[in-house]
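Engineer: One file is attached below, target-v2.tsv, containing TSV, C-alpha atoms and all ligand atoms.
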chain	number	residue	atom	x	y	z
A	1	MET	CA	-13.00	-3.41	14.86
A	2	SER	CA	-16.50	-2.39	15.88
A	3	ILE	CA	-18.96	-0.94	13.38
A	4	ASP	CA	-19.06	2.27	15.43
A	5	SER	CA	-15.36	2.89	15.32
A	6	TYR	CA	-15.32	2.02	11.61
A	7	GLU	CA	-18.00	4.65	11.02
A	8	ALA	CA	-16.00	7.16	13.06
A	9	SER	CA	-12.85	6.39	11.04
A	10	LEU	CA	-14.74	6.80	7.80
A	11	LYS	CA	-16.07	10.16	8.91
A	12	ARG	CA	-12.60	11.40	9.89
A	13	SER	CA	-11.22	10.10	6.61
A	14	ASP	CA	-13.82	12.07	4.64
A	15	GLU	CA	-13.09	15.23	6.62
A	16	ILE	CA	-9.37	14.88	5.96
A	17	ARG	CA	-9.98	14.27	2.27
A	18	ALA	CA	-11.83	17.59	2.11
A	19	ASP	CA	-9.08	19.41	4.03
A	20	LEU	CA	-6.09	17.96	2.13
A	21	PRO	CA	-6.13	20.30	-0.87
A	22	VAL	CA	-6.70	23.28	1.44
A	23	HIS	CA	-3.96	22.54	4.03
A	24	PRO	CA	-1.58	19.98	2.54
A	25	GLU	CA	1.19	21.23	4.83
A	26	LYS	CA	-0.61	19.80	7.88
A	27	TYR	CA	-0.19	16.24	6.67
A	28	THR	CA	2.50	13.60	6.53
A	29	MET	CA	1.61	10.43	4.68
A	30	LEU	CA	3.31	7.13	5.38
A	31	THR	CA	2.51	3.95	3.55
A	32	GLY	CA	4.38	1.13	1.89
A	33	ASP	CA	4.54	-2.30	0.35
A	34	ARG	CA	6.06	-5.69	1.04
A	35	PRO	CA	8.65	-6.47	-1.63
A	36	THR	CA	7.34	-9.93	-2.44
A	37	GLY	CA	6.86	-9.46	-6.21
A	38	ARG	CA	6.10	-6.96	-8.92
A	39	LEU	CA	3.52	-4.21	-8.57
A	40	HIS	CA	0.37	-4.73	-10.63
A	41	LEU	CA	-2.69	-2.79	-11.75
A	42	GLY	CA	-4.39	-3.53	-8.42
A	43	HIS	CA	-1.61	-1.71	-6.56
A	44	TYR	CA	-1.65	1.07	-9.12
A	45	PHE	CA	-5.35	1.92	-8.99
A	46	GLY	CA	-5.65	0.91	-5.33
A	47	THR	CA	-2.90	3.08	-3.85
A	48	ILE	CA	0.03	4.18	-6.05
A	49	ARG	CA	-2.10	6.64	-7.99
A	50	GLU	CA	-3.28	8.21	-4.73
A	51	ARG	CA	0.26	8.50	-3.37
A	52	VAL	CA	1.27	10.44	-6.45
A	53	ALA	CA	-1.76	12.74	-6.07
A	54	LEU	CA	-0.91	13.44	-2.40
A	55	GLN	CA	2.73	14.04	-3.30
A	56	ASP	CA	1.77	16.50	-6.02
A	57	MET	CA	-0.66	18.25	-3.69
A	58	GLY	CA	2.25	19.14	-1.41
A	59	VAL	CA	1.69	16.59	1.38
A	60	ALA	CA	4.93	15.26	2.93
A	61	THR	CA	5.05	11.73	1.53
A	62	ARG	CA	7.08	8.77	2.77
A	63	VAL	CA	6.98	5.28	1.26
A	64	ILE	CA	8.44	2.31	3.09
A	65	ILE	CA	9.67	-0.79	1.37
A	66	ALA	CA	8.66	-3.17	4.14
A	67	ASP	CA	11.38	-5.77	3.72
A	68	TYR	CA	11.17	-7.11	7.27
A	69	GLN	CA	7.46	-7.77	6.71
A	70	VAL	CA	8.35	-10.27	4.00
A	71	ILE	CA	9.42	-12.77	6.69
A	72	THR	CA	6.34	-12.41	8.90
A	73	ASP	CA	4.98	-15.65	7.47
A	74	ARG	CA	7.60	-17.23	5.24
A	75	ASP	CA	10.91	-18.98	5.67
A	76	SER	CA	13.02	-17.15	3.15
A	77	THR	CA	13.56	-13.67	1.78
A	78	GLY	CA	13.32	-15.06	-1.77
A	79	ASN	CA	14.42	-12.71	-4.54
A	80	ILE	CA	14.24	-9.75	-2.25
A	81	ALA	CA	17.02	-7.61	-3.73
A	82	ASP	CA	15.53	-7.93	-7.20
A	83	ASN	CA	12.03	-7.23	-5.88
A	84	VAL	CA	13.20	-4.09	-4.07
A	85	HIS	CA	15.03	-2.85	-7.16
A	86	ASN	CA	11.97	-3.39	-9.36
A	87	MET	CA	9.64	-1.86	-6.81
A	88	ILE	CA	11.60	1.38	-6.97
A	89	ILE	CA	11.49	1.31	-10.77
A	90	ASP	CA	7.71	0.77	-10.62
A	91	TYR	CA	7.26	3.65	-8.15
A	92	LEU	CA	9.23	6.09	-10.25
A	93	ALA	CA	7.62	4.96	-13.49
A	94	CYS	CA	4.21	5.64	-11.94
A	95	GLY	CA	5.14	9.19	-11.01
A	96	ILE	CA	6.53	8.98	-7.49
A	97	ASP	CA	9.14	11.72	-7.45
A	98	PRO	CA	12.13	10.95	-5.23
A	99	GLN	CA	12.79	14.67	-4.76
A	100	LYS	CA	9.46	14.95	-3.00
A	101	THR	CA	8.80	11.46	-1.64
A	102	ILE	CA	11.21	9.65	0.68
A	103	ILE	CA	11.54	6.00	-0.40
A	104	PHE	CA	13.33	3.82	2.16
A	105	ALA	CA	13.59	0.31	3.60
A	106	HIS	CA	13.02	-1.16	7.06
A	107	SER	CA	16.35	-2.87	7.10
A	108	ALA	CA	18.18	0.41	6.46
A	109	THR	CA	16.56	2.49	9.21
A	110	PRO	CA	17.69	1.11	12.60
A	111	ALA	CA	16.51	4.10	14.66
A	112	SER	CA	12.97	3.53	13.41
A	113	ASN	CA	13.13	-0.17	14.30
A	114	GLN	CA	14.34	0.70	17.79
A	115	LEU	CA	11.00	2.31	18.58
A	116	MET	CA	9.73	-1.27	18.66
A	117	LEU	CA	11.10	-1.70	22.20
A	118	PRO	CA	9.17	1.04	24.01
A	119	PHE	CA	6.15	0.41	21.74
A	120	LEU	CA	5.96	-3.29	22.65
A	121	SER	CA	5.66	-2.26	26.29
A	122	LEU	CA	2.50	-0.34	25.43
A	123	VAL	CA	0.46	-3.28	24.12
A	124	THR	CA	-0.80	-6.42	25.80
A	125	GLU	CA	-0.67	-9.98	24.58
A	126	ALA	CA	-4.49	-10.04	24.43
A	127	GLU	CA	-4.57	-6.95	22.22
A	128	LEU	CA	-2.04	-8.46	19.85
A	129	LEU	CA	-3.95	-11.73	19.62
A	130	ARG	CA	-7.23	-9.94	18.96
A	131	ASN	CA	-6.17	-8.28	15.66
A	132	PRO	CA	-8.46	-9.88	13.02
A	133	THR	CA	-6.13	-9.14	10.08
A	134	VAL	CA	-3.23	-10.92	11.76
A	135	LYS	CA	-5.48	-13.94	12.34
A	136	THR	CA	-6.55	-14.01	8.71
A	137	GLU	CA	-2.97	-13.74	7.52
A	138	MET	CA	-1.88	-16.53	9.84
A	139	ASP	CA	-4.63	-18.84	8.53
A	140	ALA	CA	-3.77	-18.00	4.92
A	141	SER	CA	-0.08	-18.69	5.46
A	142	GLY	CA	-0.59	-22.22	6.82
A	143	HIS	CA	2.29	-21.36	9.17
A	144	ALA	CA	2.46	-21.24	12.94
A	145	LEU	CA	1.98	-17.74	14.31
A	146	THR	CA	5.47	-16.26	14.41
A	147	GLY	CA	6.39	-13.58	16.91
A	148	LEU	CA	6.98	-11.22	14.02
A	149	LEU	CA	3.55	-11.82	12.45
A	150	LEU	CA	1.92	-11.29	15.85
A	151	THR	CA	3.80	-8.04	16.45
A	152	TYR	CA	4.07	-6.62	12.95
A	153	PRO	CA	1.21	-4.16	13.54
A	154	VAL	CA	3.43	-2.68	16.29
A	155	HIS	CA	6.33	-2.57	13.86
A	156	GLN	CA	4.01	-0.82	11.44
A	157	ALA	CA	3.29	1.71	14.19
A	158	CYS	CA	7.07	2.37	14.23
A	159	ASP	CA	6.95	2.97	10.44
A	160	ILE	CA	4.13	5.46	10.78
A	161	LEU	CA	5.21	7.22	13.96
A	162	PHE	CA	8.97	7.62	13.47
A	163	CYS	CA	8.19	10.27	10.84
A	164	LYS	CA	5.10	11.49	12.73
A	165	GLY	CA	2.88	10.31	9.93
A	166	ASN	CA	-0.70	11.44	10.47
A	167	ILE	CA	-2.38	9.97	7.40
A	168	VAL	CA	-2.10	6.41	6.14
A	169	PRO	CA	-3.91	5.42	2.94
A	170	VAL	CA	-5.43	2.04	3.72
A	171	GLY	CA	-7.91	-0.57	2.68
A	172	LYS	CA	-10.45	-1.75	5.22
A	173	ASP	CA	-8.29	-4.73	6.22
A	174	GLN	CA	-5.55	-2.43	7.51
A	175	MET	CA	-7.85	-0.45	9.80
A	176	PRO	CA	-7.16	-2.64	12.88
A	177	HIS	CA	-3.48	-1.76	12.46
A	178	ILE	CA	-4.25	1.95	12.39
A	179	GLU	CA	-6.31	1.50	15.55
A	180	GLN	CA	-3.32	-0.21	17.23
A	181	THR	CA	-1.03	2.61	16.07
A	182	ARG	CA	-3.37	5.24	17.53
A	183	GLN	CA	-3.47	3.37	20.81
A	184	ILE	CA	0.32	3.14	20.96
A	185	ALA	CA	0.70	6.87	20.23
A	186	ARG	CA	-1.93	7.75	22.83
A	187	ARG	CA	-0.42	5.54	25.52
A	188	PHE	CA	3.10	6.78	24.86
A	189	ASN	CA	1.97	10.40	25.05
A	190	GLU	CA	0.00	9.77	28.25
A	191	ARG	CA	2.77	7.90	30.02
A	192	TYR	CA	5.78	9.93	29.04
A	193	GLY	CA	4.78	13.20	27.36
A	194	HIS	CA	3.54	14.29	23.99
A	195	VAL	CA	5.66	13.08	21.08
A	196	PHE	CA	3.39	11.37	18.57
A	197	PRO	CA	0.32	12.28	16.50
A	198	GLU	CA	-2.62	9.86	16.42
A	199	PRO	CA	-2.73	8.99	12.75
A	200	ASP	CA	-5.86	8.54	10.68
A	201	GLY	CA	-6.49	6.03	7.97
A	202	LEU	CA	-7.31	7.57	4.63
A	203	LEU	CA	-9.89	5.10	3.44
A	204	SER	CA	-9.90	4.45	-0.25
A	205	ASP	CA	-13.09	5.18	-2.15
A	206	ALA	CA	-11.80	3.20	-5.14
A	207	PRO	CA	-13.57	-0.15	-5.44
A	208	ALA	CA	-11.45	-3.25	-4.84
A	209	ILE	CA	-9.66	-3.99	-8.11
A	210	PRO	CA	-10.67	-7.37	-9.42
A	211	GLY	CA	-8.12	-9.67	-10.99
A	212	LEU	CA	-8.87	-11.20	-14.38
A	213	ASP	CA	-10.98	-13.94	-12.78
A	214	GLY	CA	-13.07	-11.62	-10.59
A	215	ARG	CA	-11.24	-12.45	-7.36
A	216	LYS	CA	-9.02	-9.83	-5.71
A	217	MET	CA	-6.05	-9.07	-7.95
A	218	SER	CA	-3.06	-10.93	-6.54
A	219	LYS	CA	0.10	-12.36	-8.00
A	220	SER	CA	-0.50	-15.61	-6.12
A	221	TYR	CA	-3.84	-16.11	-7.91
A	222	GLY	CA	-2.21	-15.68	-11.33
A	223	ASN	CA	-4.86	-13.07	-12.19
A	224	ALA	CA	-2.72	-9.94	-12.04
A	225	ILE	CA	-1.54	-7.63	-14.80
A	226	SER	CA	1.85	-6.43	-13.61
A	227	LEU	CA	3.15	-3.03	-14.59
A	228	SER	CA	6.38	-4.63	-15.75
A	229	ALA	CA	4.70	-7.13	-18.11
A	230	THR	CA	5.12	-6.44	-21.83
A	231	ALA	CA	2.15	-5.50	-24.03
A	232	ASP	CA	2.44	-8.98	-25.53
A	233	GLU	CA	2.32	-10.77	-22.19
A	234	THR	CA	-0.66	-8.63	-21.21
A	235	THR	CA	-2.49	-9.54	-24.41
A	236	LYS	CA	-1.93	-13.26	-23.77
A	237	LEU	CA	-3.06	-13.01	-20.16
A	238	ILE	CA	-6.29	-11.24	-21.09
A	239	LYS	CA	-6.91	-13.66	-23.96
A	240	LYS	CA	-6.84	-16.68	-21.68
A	241	SER	CA	-8.96	-15.11	-18.92
A	242	GLN	CA	-12.15	-16.98	-18.06
A	243	THR	CA	-15.41	-15.46	-19.33
A	244	ASP	CA	-18.71	-17.27	-19.97
A	245	ALA	CA	-20.85	-18.58	-22.81
A	246	GLU	CA	-23.40	-15.77	-22.83
A	247	ARG	CA	-22.92	-13.61	-25.90
A	248	THR	CA	-24.40	-10.29	-24.73
A	249	ILE	CA	-21.96	-8.39	-22.54
A	250	THR	CA	-23.47	-7.12	-19.28
A	251	PHE	CA	-21.98	-5.85	-16.05
A	252	ASP	CA	-22.93	-8.24	-13.26
A	253	PRO	CA	-20.06	-8.79	-10.77
A	254	GLU	CA	-21.97	-11.46	-8.81
A	255	GLY	CA	-23.34	-13.51	-11.68
A	256	ARG	CA	-20.57	-12.93	-14.27
A	257	PRO	CA	-17.31	-12.35	-12.36
A	258	GLY	CA	-14.99	-12.88	-15.34
A	259	VAL	CA	-16.81	-10.58	-17.78
A	260	SER	CA	-17.36	-7.98	-15.07
A	261	ALA	CA	-13.70	-7.97	-13.98
A	262	LEU	CA	-12.73	-7.27	-17.59
A	263	LEU	CA	-15.25	-4.44	-17.76
A	264	THR	CA	-13.93	-2.89	-14.53
A	265	THR	CA	-10.36	-3.14	-15.78
A	266	ALA	CA	-11.29	-1.32	-18.99
A	267	ALA	CA	-13.36	1.22	-17.04
A	268	LEU	CA	-10.40	2.11	-14.83
A	269	CYS	CA	-8.07	2.48	-17.79
A	270	THR	CA	-10.44	4.57	-19.92
A	271	GLY	CA	-12.32	6.57	-17.28
A	272	ARG	CA	-15.62	5.30	-18.72
A	273	THR	CA	-18.26	3.35	-16.79
A	274	GLU	CA	-18.62	-0.42	-16.98
A	275	ALA	CA	-22.22	-0.02	-18.12
A	276	ALA	CA	-21.27	2.24	-21.04
A	277	ILE	CA	-18.58	-0.17	-22.22
A	278	ALA	CA	-20.92	-3.17	-21.86
A	279	ALA	CA	-23.64	-1.38	-23.84
A	280	GLU	CA	-21.22	-0.50	-26.61
A	281	ILE	CA	-19.96	-4.07	-26.94
A	282	GLY	CA	-23.41	-5.56	-26.56
A	283	GLU	CA	-23.72	-8.61	-28.84
A	284	GLY	CA	-20.01	-8.47	-29.68
A	285	GLY	CA	-19.30	-11.19	-27.13
A	286	SER	CA	-16.21	-11.87	-25.06
A	287	GLY	CA	-13.87	-11.74	-28.07
A	288	THR	CA	-14.72	-8.09	-28.70
A	289	LEU	CA	-14.63	-7.37	-24.98
A	290	LYS	CA	-11.16	-8.87	-24.60
A	291	LYS	CA	-9.88	-6.92	-27.58
A	292	TYR	CA	-11.20	-3.69	-26.07
A	293	VAL	CA	-9.74	-4.46	-22.63
A	294	THR	CA	-6.36	-5.37	-24.12
A	295	GLU	CA	-6.21	-2.13	-26.08
A	296	SER	CA	-7.25	0.02	-23.12
A	297	VAL	CA	-4.83	-1.60	-20.67
A	298	ASN	CA	-1.89	-1.49	-23.06
A	299	ALA	CA	-2.62	2.12	-24.03
A	300	TYR	CA	-2.90	3.12	-20.38
A	301	LEU	CA	0.31	1.38	-19.37
A	302	GLU	CA	2.29	2.40	-22.45
A	303	PRO	CA	3.87	5.57	-20.98
A	304	ILE	CA	4.49	3.87	-17.61
A	305	ARG	CA	6.19	0.96	-19.35
A	306	ALA	CA	8.28	3.27	-21.50
A	307	ARG	CA	9.54	5.10	-18.38
A	308	ARG	CA	10.13	1.72	-16.74
A	309	THR	CA	12.40	0.62	-19.57
A	310	GLU	CA	14.34	3.87	-19.39
A	311	LEU	CA	14.76	3.65	-15.62
A	312	ALA	CA	15.73	-0.01	-15.70
A	313	ALA	CA	18.68	0.86	-17.92
A	314	ASP	CA	20.30	2.83	-15.09
A	315	ARG	CA	20.87	0.55	-12.08
A	316	GLY	CA	23.13	3.10	-10.44
A	317	TYR	CA	20.40	5.72	-10.42
A	318	ILE	CA	17.86	3.37	-8.84
A	319	ALA	CA	20.36	2.41	-6.14
A	320	SER	CA	21.07	6.08	-5.46
A	321	VAL	CA	17.36	6.86	-5.04
A	322	LEU	CA	17.11	4.27	-2.28
A	323	ALA	CA	20.38	5.33	-0.65
A	324	GLU	CA	19.23	8.94	-0.51
A	325	GLY	CA	15.78	7.93	0.79
A	326	ASN	CA	17.40	5.79	3.48
A	327	ARG	CA	19.66	8.69	4.46
A	328	ARG	CA	16.75	11.11	4.82
A	329	ALA	CA	14.59	8.58	6.68
A	330	ASN	CA	17.45	7.83	9.10
A	331	GLU	CA	17.87	11.51	9.83
A	332	ILE	CA	14.20	11.80	10.76
A	333	ALA	CA	14.23	8.52	12.72
A	334	GLU	CA	17.28	9.56	14.75
A	335	ALA	CA	15.71	12.90	15.64
A	336	THR	CA	12.51	11.15	16.77
A	337	LEU	CA	14.43	8.55	18.76
A	338	ASP	CA	16.34	11.35	20.52
A	339	GLU	CA	13.05	12.96	21.40
A	340	VAL	CA	11.74	9.62	22.69
A	341	ARG	CA	14.84	9.10	24.86
A	342	ALA	CA	14.55	12.61	26.26
A	343	THR	CA	10.82	12.22	26.98
A	344	MET	CA	11.46	8.90	28.73
A	345	GLY	CA	14.28	10.40	30.80
A	346	MET	CA	16.89	8.24	29.12
A	347	VAL	CA	19.53	10.89	28.58
A	348	TYR	CA	22.75	9.99	30.35
A	401	LIG	N1	1.51	-3.96	5.44
A	401	LIG	C1	1.68	-3.19	4.27
A	401	LIG	C2	1.49	-4.16	3.09
A	401	LIG	O1	1.93	-5.15	2.83
A	401	LIG	C3	3.02	-2.51	4.12
A	401	LIG	C4	3.36	-1.58	5.22
A	401	LIG	C5	4.42	-1.64	6.06
A	401	LIG	C6	2.62	-0.42	5.64
A	401	LIG	N2	4.42	-0.65	6.95
A	401	LIG	C7	3.33	0.11	6.73
A	401	LIG	C8	1.44	0.17	5.21
A	401	LIG	C9	2.85	1.22	7.41
A	401	LIG	C10	0.96	1.28	5.90
A	401	LIG	C11	1.67	1.80	6.99
A	401	LIG	O2	0.84	-4.03	2.26
Mind turning the file's structure into structure tokens?
Ligand code: TRP
Structural biologist:
Amino acid sequence: MSIDSYEASLKRSDEIRADLPVHPEKYTMLTGDRPTGRLHLGHYFGTIRERVALQDMGVATRVIIADYQVITDRDSTGNIADNVHNMIIDYLACGIDPQKTIIFAHSATPASNQLMLPFLSLVTEAELLRNPTVKTEMDASGHALTGLLLTYPVHQACDILFCKGNIVPVGKDQMPHIEQTRQIARRFNERYGHVFPEPDGLLSDAPAIPGLDGRKMSKSYGNAISLSATADETTKLIKKSQTDAERTITFDPEGRPGVSALLTTAALCTGRTEAAIAAEIGEGGSGTLKKYVTESVNAYLEPIRARRTELAADRGYIASVLAEGNRRANEIAEATLDEVRATMGMVY
């Protein structure tokens, strides 16, 4: 994506952010997650917290559990049923309210998936191959480029457009996908008649959440604090995180990634700044820092974990939340697909 169009997206994102509290009824948010593991603090501060804020503002909110995306670059669905179940528990424990937010899965919404056929006709092979995020994901996977990995941004356009989503909270790496979605909407509307909005990315102003070693927080790096971990497991994980030999605690993400990641984690959980925490700990060294981080993380997650435990005790309820979300999503998807058929002249 060119610098110019990134700047333009950022500007639109800022304008929307200002308008959201004034006209929440103009917006439909669609976003989601791949059910490949448990949600962690990175997900929470990166996007879940914002979804809850949009939901509570009165924006129409839809969250997709992107189960078909799990097999873009791997050979098995793994523990997918358990991951989906726990993802719903995590969502609800964090404040996503199933009365307001539709939670649903790819595999349960056939009418949405069917948009893939007309949408694939609107993109060229060259455009698909040019997407930088797809390339990065292919390299990281060590796998050949599957047809699904190559075309998943188009599938993601189906996710966004079936419910006429017009805002998509994203990190920078997802911006090429939003650009492809806008192009698909525009081309469909031009060729056949107006059906779809051109969605905007809602760029996050939250800094990337570092894992305990200073790299991006990710389950595969073993540096993630998952929401479902116990306070004890969290304590152990923080205790064994890598810091350095320098006694005075300072915030220096480049030079001291381990210490700085711990400071950022505590800053997010307490609402204080990294500098203020570092100054307070001062000569206390990494032992004192780790103790402070452990206490702040566990205190922050305590109510979420308590709700998690309560929710996990009622499997039937969790299943019913997904069933109801799937039902509502299907209703919307079928109405959109009818509109698409009518616009394309396919009513027989
Ligand atoms: N690709 C996203 C992820 O793994 C999940 C996702 C699927 C999504 N469909 C989407 C995000 C549509 C935004 C919009 O993280």
Engineer: So, counting all atoms listed in the file, which residue among A:Ser226, A:Glu179, A:Gly282, A:Glu310 is closest to Ala8 of chain A?
Structural biologist: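 Nearest to Ala8 of chain A: A:Glu179.
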Engineer: Using all atoms listed in the file, find each protein or nucleic acid residue lying at most 10 Å from ligand LIG 401 (chain A); present the set as a VMD selection string.
Structural biologist: chain A and resid 29 to 36 43 62 to 70 105 to 106 152 to 161 165 167 to 171 173 to 175 177 to 178 181 201
Engineer: Of the candidates A:Arg12, A:His143, A:Arg315, A:Arg49, which one gets nearest to Asp75 of chain A if we count all atoms listed in the file?
Structural biologist: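 Checking each of A:Arg12, A:His143, A:Arg315, A:Arg49 against Asp75 of chain A, counting all atoms listed in the file, the winner is A:His143.
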Engineer: Hey, can you check how far atom CA of Arg51 of chain A sits from atom CA of Ile238 of chain A?
Structural biologist: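 Distance between the two atoms: 27.3 Å.
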Engineer: Select, from A:Val52, A:Leu122, A:Leu203, A:Ala111, the residue with the minimum atom-to-atom distance to Leu10 of chain A, counting only C-alpha atoms.
Structural biologist: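 Closest residue, counting only C-alpha atoms: A:Leu203.
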Engineer: Skipping near chain neighbours, those fewer than 4 positions away, what residues fall within 12 Å of Glu339 of chain A using only C-alpha atoms, listed as an NGL selection string?
Structural biologist: :A and (111 or 115 or 162-164 or 189 or 192-196 or 332-335 or 343-347)
Engineer: Do you have the atom CA of Leu129 of chain A-atom CA of Pro110 of chain A distance handy?
Structural biologist: 26.1 Å
Engineer: State, in Å with one decimal place, the distance from atom CA of Asp338 of chain A to atom CA of Arg186 of chain A.
Structural biologist: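 Interatomic distance here is 18.8 Å.
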Engineer: Can you pull out every residue within 12 Å of segment 91-98 of chain A, counting all atoms listed in the file, but drop anything in the same chain fewer than 6 positions away, and send it as a PyMOL selection string?
Structural biologist: chain A and resi 32-33+38-41+43-45+47-56+58+60-65+84-85+104+227-228+300-312+317-326+328
Engineer: Using only C-alpha atoms, please write the residues we just selected to a file, as a PDB file, in the coordinates of the input.
Structural biologist:
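Output contents, as saved in selection-v2.pdb:
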ATOM      1  CA  GLY A  32       4.380   1.130   1.890  1.00  0.00           C
ATOM      2  CA  ASP A  33       4.540  -2.300   0.350  1.00  0.00           C
ATOM      3  CA  ARG A  38       6.100  -6.960  -8.920  1.00  0.00           C
ATOM      4  CA  LEU A  39       3.520  -4.210  -8.570  1.00  0.00           C
ATOM      5  CA  HIS A  40       0.370  -4.730 -10.630  1.00  0.00           C
ATOM      6  CA  LEU A  41      -2.690  -2.790 -11.750  1.00  0.00           C
ATOM      7  CA  HIS A  43      -1.610  -1.710  -6.560  1.00  0.00           C
ATOM      8  CA  TYR A  44      -1.650   1.070  -9.120  1.00  0.00           C
ATOM      9  CA  PHE A  45      -5.350   1.920  -8.990  1.00  0.00           C
ATOM     10  CA  THR A  47      -2.900   3.080  -3.850  1.00  0.00           C
ATOM     11  CA  ILE A  48       0.030   4.180  -6.050  1.00  0.00           C
ATOM     12  CA  ARG A  49      -2.100   6.640  -7.990  1.00  0.00           C
ATOM     13  CA  GLU A  50      -3.280   8.210  -4.730  1.00  0.00           C
ATOM     14  CA  ARG A  51       0.260   8.500  -3.370  1.00  0.00           C
ATOM     15  CA  VAL A  52       1.270  10.440  -6.450  1.00  0.00           C
ATOM     16  CA  ALA A  53      -1.760  12.740  -6.070  1.00  0.00           C
ATOM     17  CA  LEU A  54      -0.910  13.440  -2.400  1.00  0.00           C
ATOM     18  CA  GLN A  55       2.730  14.040  -3.300  1.00  0.00           C
ATOM     19  CA  ASP A  56       1.770  16.500  -6.020  1.00  0.00           C
ATOM     20  CA  GLY A  58       2.250  19.140  -1.410  1.00  0.00           C
ATOM     21  CA  ALA A  60       4.930  15.260   2.930  1.00  0.00           C
ATOM     22  CA  THR A  61       5.050  11.730   1.530  1.00  0.00           C
ATOM     23  CA  ARG A  62       7.080   8.770   2.770  1.00  0.00           C
ATOM     24  CA  VAL A  63       6.980   5.280   1.260  1.00  0.00           C
ATOM     25  CA  ILE A  64       8.440   2.310   3.090  1.00  0.00           C
ATOM     26  CA  ILE A  65       9.670  -0.790   1.370  1.00  0.00           C
ATOM     27  CA  VAL A  84      13.200  -4.090  -4.070  1.00  0.00           C
ATOM     28  CA  HIS A  85      15.030  -2.850  -7.160  1.00  0.00           C
ATOM     29  CA  PHE A 104      13.330   3.820   2.160  1.00  0.00           C
ATOM     30  CA  LEU A 227       3.150  -3.030 -14.590  1.00  0.00           C
ATOM     31  CA  SER A 228       6.380  -4.630 -15.750  1.00  0.00           C
ATOM     32  CA  TYR A 300      -2.900   3.120 -20.380  1.00  0.00           C
ATOM     33  CA  LEU A 301       0.310   1.380 -19.370  1.00  0.00           C
ATOM     34  CA  GLU A 302       2.290   2.400 -22.450  1.00  0.00           C
ATOM     35  CA  PRO A 303       3.870   5.570 -20.980  1.00  0.00           C
ATOM     36  CA  ILE A 304       4.490   3.870 -17.610  1.00  0.00           C
ATOM     37  CA  ARG A 305       6.190   0.960 -19.350  1.00  0.00           C
ATOM     38  CA  ALA A 306       8.280   3.270 -21.500  1.00  0.00           C
ATOM     39  CA  ARG A 307       9.540   5.100 -18.380  1.00  0.00           C
ATOM     40  CA  ARG A 308      10.130   1.720 -16.740  1.00  0.00           C
ATOM     41  CA  THR A 309      12.400   0.620 -19.570  1.00  0.00           C
ATOM     42  CA  GLU A 310      14.340   3.870 -19.390  1.00  0.00           C
ATOM     43  CA  LEU A 311      14.760   3.650 -15.620  1.00  0.00           C
ATOM     44  CA  ALA A 312      15.730  -0.010 -15.700  1.00  0.00           C
ATOM     45  CA  TYR A 317      20.400   5.720 -10.420  1.00  0.00           C
ATOM     46  CA  ILE A 318      17.860   3.370  -8.840  1.00  0.00           C
ATOM     47  CA  ALA A 319      20.360   2.410  -6.140  1.00  0.00           C
ATOM     48  CA  SER A 320      21.070   6.080  -5.460  1.00  0.00           C
ATOM     49  CA  VAL A 321      17.360   6.860  -5.040  1.00  0.00           C
ATOM     50  CA  LEU A 322      17.110   4.270  -2.280  1.00  0.00           C
ATOM     51  CA  ALA A 323      20.380   5.330  -0.650  1.00  0.00           C
ATOM     52  CA  GLU A 324      19.230   8.940  -0.510  1.00  0.00           C
ATOM     53  CA  GLY A 325      15.780   7.930   0.790  1.00  0.00           C
ATOM     54  CA  ASN A 326      17.400   5.790   3.480  1.00  0.00           C
ATOM     55  CA  ARG A 328      16.750  11.110   4.820  1.00  0.00           C
TER      56      ARG A 328
END
Engineer: Each side padded by 6 Å, which centre and which edge lengths in Å (one decimal) define the axis-aligned box around the listed atoms of segment 88-96 of chain A? Give them as JSON.
Structural biologist:
{"center_x": 7.9, "center_y": 5.0, "center_z": -10.2, "size_x": 19.4, "size_y": 20.4, "size_z": 18.5}
Engineer: So, counting only C-alpha atoms, which residue among A:Thr109, A:Thr270, A:Ser286, A:Ser220 is closest to Thr250 of chain A?
Structural biologist: A:Ser286
Engineer: Between A:Thr151, A:Arg191, A:Arg182, A:Thr265, which is the closest to Gly211 of chain A once you count all atoms listed in the file?
Structural biologist: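 Under the stated criterion, the closest residue is A:Thr265.
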Engineer: Go through A:Met138, A:Val123, A:Pro210, A:Leu149 one by one, measure the shortest atom-to-atom distance of each to Ile184 of chain A using all atoms listed in the file, and give the residue with the smallest value.
Structural biologist: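 Closest to Ile184 of chain A of all the choices is A:Val123.
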Engineer: Do you know which residues are at most 7 Å from Ile249 of chain A counting all atoms listed in the file, after dropping those on the same chain fewer than 5 positions away, and could you put them as a PyMOL selection string?
Structural biologist: chain A and resi 278+281-283+285
Engineer: Output the selection as a short mmCIF file (atom, residue, chain, number, x, y, z; two decimals), keeping the file's coordinate frame - C-alpha atoms for each residue.
Structural biologist:
data_model
loop_
_atom_site.label_atom_id
_atom_site.label_comp_id
_atom_site.auth_asym_id
_atom_site.auth_seq_id
_atom_site.Cartn_x
_atom_site.Cartn_y
_atom_site.Cartn_z
CA ALA A 278 -20.92 -3.17 -21.86
CA ILE A 281 -19.96 -4.07 -26.94
CA GLY A 282 -23.41 -5.56 -26.56
CA GLU A 283 -23.72 -8.61 -28.84
CA GLY A 285 -19.30 -11.19 -27.13
#
